[in-house]
Amino acid sequence: MTTGQNQTATLAGGCFWCLEAVFEQLRGVAKVDSGYSGGHVPNPTYQAVCSGATGHAEVVQVTFDPAVLSYRDLLGVFFTLHDPTTLNRQGGDVGTQYRSAIFYHDDEQRREAEAVKTELEAEHVFDEPIVTAIVPLEAFYPAEEYHREYYRRNPNQPYCRAVIAPKVAKLRSKYLEKLKA
């Protein structure tokens, strides 16, 4: 989806704290919002999403400038950040809310996401098949305030140190040229 010069991508790859912490560091990213998508209950709460009853996934909406960071490059980072071969799980986080999904905003994003997934599968980048769903975005519901900028506000929290910090370090080593100055 285009917003003036910027575009928006909506991605699910496990805990939204992890995705937010990495994507907000990329050059060309204007904003990252944590939230919920892909379910059937309007305005879900974190507790309802965690119950599995709403059908929502934890997602991030990434607002980015495609002149600086292409959607394809954004997807490249996305597929590096999580294991797209595990169904409804990322590490110790288990449940449908942690599924891998790309919620496309238009046909161009759908085509690009399908192409990237097909290329990764053809190159056998992963040992197992990619289970990442590519589905249309129907709605995005922002997460509660205490989930926003979680890593930045809580860097010493045990989950942040054990799970998020290694993902940030992985990004730094692999995508240094794409980081904000």
# chains A, B, ... in the order shown; residues from 1 in each chain; ligands from 1

call {"tool": "select_by_dssp", "arguments": {"residues": "segment 3-113 of chain A", "states": "helix (DSSP H, G or I)", "output": "VMD selection string"}}
result
chain A and resid 16 to 23 46 to 51 71 to 81 96 to 98 107 to 113

call {"tool": "write_last_selection", "arguments": {"atoms": "N, CA and C atoms", "output": "compact mmCIF listing (two decimals), in the first residue's frame"}}
result
# COMPACT_ATOMS: atom_id res chain seq x y z
N PHE A 16 5.90 -10.00 17.97
CA PHE A 16 6.04 -8.69 17.31
C PHE A 16 7.12 -7.84 17.94
N TRP A 17 7.49 -8.10 19.18
CA TRP A 17 8.60 -7.35 19.80
C TRP A 17 9.88 -7.57 19.02
N CYS A 18 10.11 -8.82 18.59
CA CYS A 18 11.34 -9.15 17.85
C CYS A 18 11.38 -8.46 16.50
N LEU A 19 10.28 -8.55 15.78
CA LEU A 19 10.23 -7.94 14.45
C LEU A 19 10.37 -6.43 14.53
N GLU A 20 9.65 -5.81 15.46
CA GLU A 20 9.72 -4.36 15.62
C GLU A 20 11.15 -3.90 15.91
N ALA A 21 11.83 -4.60 16.82
CA ALA A 21 13.18 -4.20 17.23
C ALA A 21 14.16 -4.19 16.06
N VAL A 22 13.97 -5.10 15.13
CA VAL A 22 14.88 -5.18 13.98
C VAL A 22 14.47 -4.20 12.88
N PHE A 23 13.20 -4.23 12.48
CA PHE A 23 12.78 -3.40 11.35
C PHE A 23 12.96 -1.91 11.62
N TYR A 46 -4.52 -8.34 23.63
CA TYR A 46 -3.38 -9.26 23.67
C TYR A 46 -3.79 -10.58 24.31
N GLN A 47 -4.52 -10.50 25.42
CA GLN A 47 -4.93 -11.71 26.12
C GLN A 47 -5.83 -12.58 25.23
N ALA A 48 -6.74 -11.96 24.49
CA ALA A 48 -7.63 -12.72 23.60
C ALA A 48 -6.83 -13.36 22.46
N VAL A 49 -5.88 -12.62 21.90
CA VAL A 49 -5.05 -13.16 20.82
C VAL A 49 -4.24 -14.35 21.34
N CYS A 50 -3.66 -14.22 22.54
CA CYS A 50 -2.86 -15.30 23.12
C CYS A 50 -3.69 -16.55 23.41
N SER A 51 -4.98 -16.40 23.58
CA SER A 51 -5.84 -17.57 23.84
C SER A 51 -5.99 -18.43 22.58
N TYR A 71 10.55 -3.33 -1.18
CA TYR A 71 9.70 -4.34 -0.54
C TYR A 71 10.41 -5.69 -0.58
N ARG A 72 11.07 -5.99 -1.67
CA ARG A 72 11.81 -7.26 -1.81
C ARG A 72 12.91 -7.34 -0.75
N ASP A 73 13.66 -6.25 -0.54
CA ASP A 73 14.69 -6.25 0.49
C ASP A 73 14.09 -6.40 1.89
N LEU A 74 12.94 -5.76 2.11
CA LEU A 74 12.24 -5.89 3.39
C LEU A 74 11.86 -7.35 3.62
N LEU A 75 11.38 -8.02 2.58
CA LEU A 75 11.04 -9.44 2.70
C LEU A 75 12.29 -10.29 2.94
N GLY A 76 13.41 -9.89 2.35
CA GLY A 76 14.66 -10.61 2.60
C GLY A 76 15.04 -10.57 4.07
N VAL A 77 14.90 -9.42 4.69
CA VAL A 77 15.16 -9.30 6.12
C VAL A 77 14.15 -10.14 6.90
N PHE A 78 12.89 -10.05 6.52
CA PHE A 78 11.82 -10.81 7.18
C PHE A 78 12.13 -12.31 7.20
N PHE A 79 12.52 -12.87 6.06
CA PHE A 79 12.80 -14.30 6.00
C PHE A 79 14.07 -14.68 6.76
N THR A 80 14.95 -13.71 7.01
CA THR A 80 16.15 -13.95 7.79
C THR A 80 15.87 -13.93 9.29
N LEU A 81 14.86 -13.16 9.70
CA LEU A 81 14.59 -12.93 11.12
C LEU A 81 13.91 -14.08 11.85
N THR A 96 -1.03 -20.20 17.15
CA THR A 96 -1.34 -19.62 15.84
C THR A 96 -0.99 -18.14 15.78
N GLN A 97 -0.93 -17.47 16.92
CA GLN A 97 -0.58 -16.04 16.93
C GLN A 97 0.88 -15.82 16.55
N TYR A 98 1.69 -16.89 16.53
CA TYR A 98 3.11 -16.78 16.17
C TYR A 98 3.41 -17.33 14.78
N ASP A 107 -1.96 -6.25 -5.19
CA ASP A 107 -1.50 -7.34 -6.05
C ASP A 107 0.01 -7.30 -6.28
N GLU A 108 0.58 -6.12 -6.33
CA GLU A 108 2.03 -6.01 -6.53
C GLU A 108 2.77 -6.66 -5.35
N GLN A 109 2.34 -6.37 -4.13
CA GLN A 109 2.97 -7.00 -2.96
C GLN A 109 2.74 -8.52 -2.98
N ARG A 110 1.56 -8.96 -3.36
CA ARG A 110 1.29 -10.40 -3.43
C ARG A 110 2.25 -11.08 -4.41
N ARG A 111 2.36 -10.50 -5.60
CA ARG A 111 3.26 -11.08 -6.61
C ARG A 111 4.71 -11.12 -6.12
N GLU A 112 5.15 -10.04 -5.51
CA GLU A 112 6.53 -9.97 -5.03
C GLU A 112 6.76 -10.99 -3.91
N ALA A 113 5.82 -11.11 -2.98
CA ALA A 113 5.95 -12.08 -1.88
C ALA A 113 5.97 -13.50 -2.42

call {"tool": "residues_around", "arguments": {"residues": "Leu120 of chain A", "least_positions_apart": "3", "cutoff": "12 Å", "atoms": "only C-alpha atoms", "output": "number ranges by chain"}}
result
A: 75-76, 79-80, 84-85, 113-117, 123-132

call {"tool": "closest_atom_pairs", "arguments": {"of": "segment 56-146 of chain A", "to": "segment 28-44 of chain A", "cutoff": "8 Å", "atoms": "only C-alpha atoms", "output": "JSON lines"}}
result
{"residue": "A:His56", "atom": "CA", "partner": "A:Gly39", "partner_atom": "CA", "distance": 3.9}
{"residue": "A:Ala57", "atom": "CA", "partner": "A:Ser37", "partner_atom": "CA", "distance": 5.5}
{"residue": "A:Glu58", "atom": "CA", "partner": "A:Tyr36", "partner_atom": "CA", "distance": 4.9}
{"residue": "A:Val59", "atom": "CA", "partner": "A:Gly35", "partner_atom": "CA", "distance": 5.3}
{"residue": "A:Val60", "atom": "CA", "partner": "A:Ser34", "partner_atom": "CA", "distance": 4.4}
{"residue": "A:Gln61", "atom": "CA", "partner": "A:Asp33", "partner_atom": "CA", "distance": 5.1}
{"residue": "A:Val62", "atom": "CA", "partner": "A:Val32", "partner_atom": "CA", "distance": 4.6}
{"residue": "A:Thr63", "atom": "CA", "partner": "A:Lys31", "partner_atom": "CA", "distance": 5.1}
{"residue": "A:Phe64", "atom": "CA", "partner": "A:Val29", "partner_atom": "CA", "distance": 4.2}
{"residue": "A:Asp65", "atom": "CA", "partner": "A:Gly28", "partner_atom": "CA", "distance": 5.1}
{"residue": "A:Pro66", "atom": "CA", "partner": "A:Gly28", "partner_atom": "CA", "distance": 7.3}
{"residue": "A:Ala67", "atom": "CA", "partner": "A:Gly28", "partner_atom": "CA", "distance": 7.8}
{"residue": "A:Val68", "atom": "CA", "partner": "A:Gly28", "partner_atom": "CA", "distance": 5.0}
{"residue": "A:Leu69", "atom": "CA", "partner": "A:Gly28", "partner_atom": "CA", "distance": 5.3}
{"residue": "A:Phe103", "atom": "CA", "partner": "A:Gly38", "partner_atom": "CA", "distance": 8.0}
{"residue": "A:Leu137", "atom": "CA", "partner": "A:Gly38", "partner_atom": "CA", "distance": 7.2}
{"residue": "A:Glu138", "atom": "CA", "partner": "A:Gly38", "partner_atom": "CA", "distance": 7.0}
{"residue": "A:Ala139", "atom": "CA", "partner": "A:Ser37", "partner_atom": "CA", "distance": 5.9}
{"residue": "A:Phe140", "atom": "CA", "partner": "A:Ser37", "partner_atom": "CA", "distance": 5.1}
{"residue": "A:Tyr141", "atom": "CA", "partner": "A:Tyr36", "partner_atom": "CA", "distance": 5.1}
{"residue": "A:Pro142", "atom": "CA", "partner": "A:Gly35", "partner_atom": "CA", "distance": 4.1}
{"residue": "A:Ala143", "atom": "CA", "partner": "A:Gly35", "partner_atom": "CA", "distance": 4.1}
{"residue": "A:Glu144", "atom": "CA", "partner": "A:Gly35", "partner_atom": "CA", "distance": 7.9}

call {"tool": "atom_distance", "arguments": {"atom1": "atom CA of Tyr104 of chain A", "atom2": "atom CA of Gln7 of chain A"}}
result
11.3 Å

call {"tool": "closest_residue", "arguments": {"among": "A:Gly91, A:Ile134, A:Glu145, A:Gly55", "to": "Ala162 of chain A", "atoms": "only C-alpha atoms"}}
result
A:Gly91

call {"tool": "residues_around", "arguments": {"residues": "Pro155 of chain A", "least_positions_apart": "2", "cutoff": "12 Å", "atoms": "only C-alpha atoms", "output": "number ranges by chain"}}
result
A: 17-18, 21, 149-153, 157-166, 168

call {"tool": "select_by_dssp", "arguments": {"residues": "segment 30-154 of chain A", "states": "strand (DSSP E or B)", "output": "number ranges by chain"}}
result
A: 30-37, 57-64, 89-90, 93-94, 100-104, 133-136, 141-142

call {"tool": "atom_distance", "arguments": {"atom1": "atom CA of Gly52 of chain A", "atom2": "atom CA of Val94 of chain A"}}
result
10.2 Å

call {"tool": "atom_distance", "arguments": {"atom1": "atom CA of Val135 of chain A", "atom2": "atom CA of Ile102 of chain A"}}
result
6.3 Å
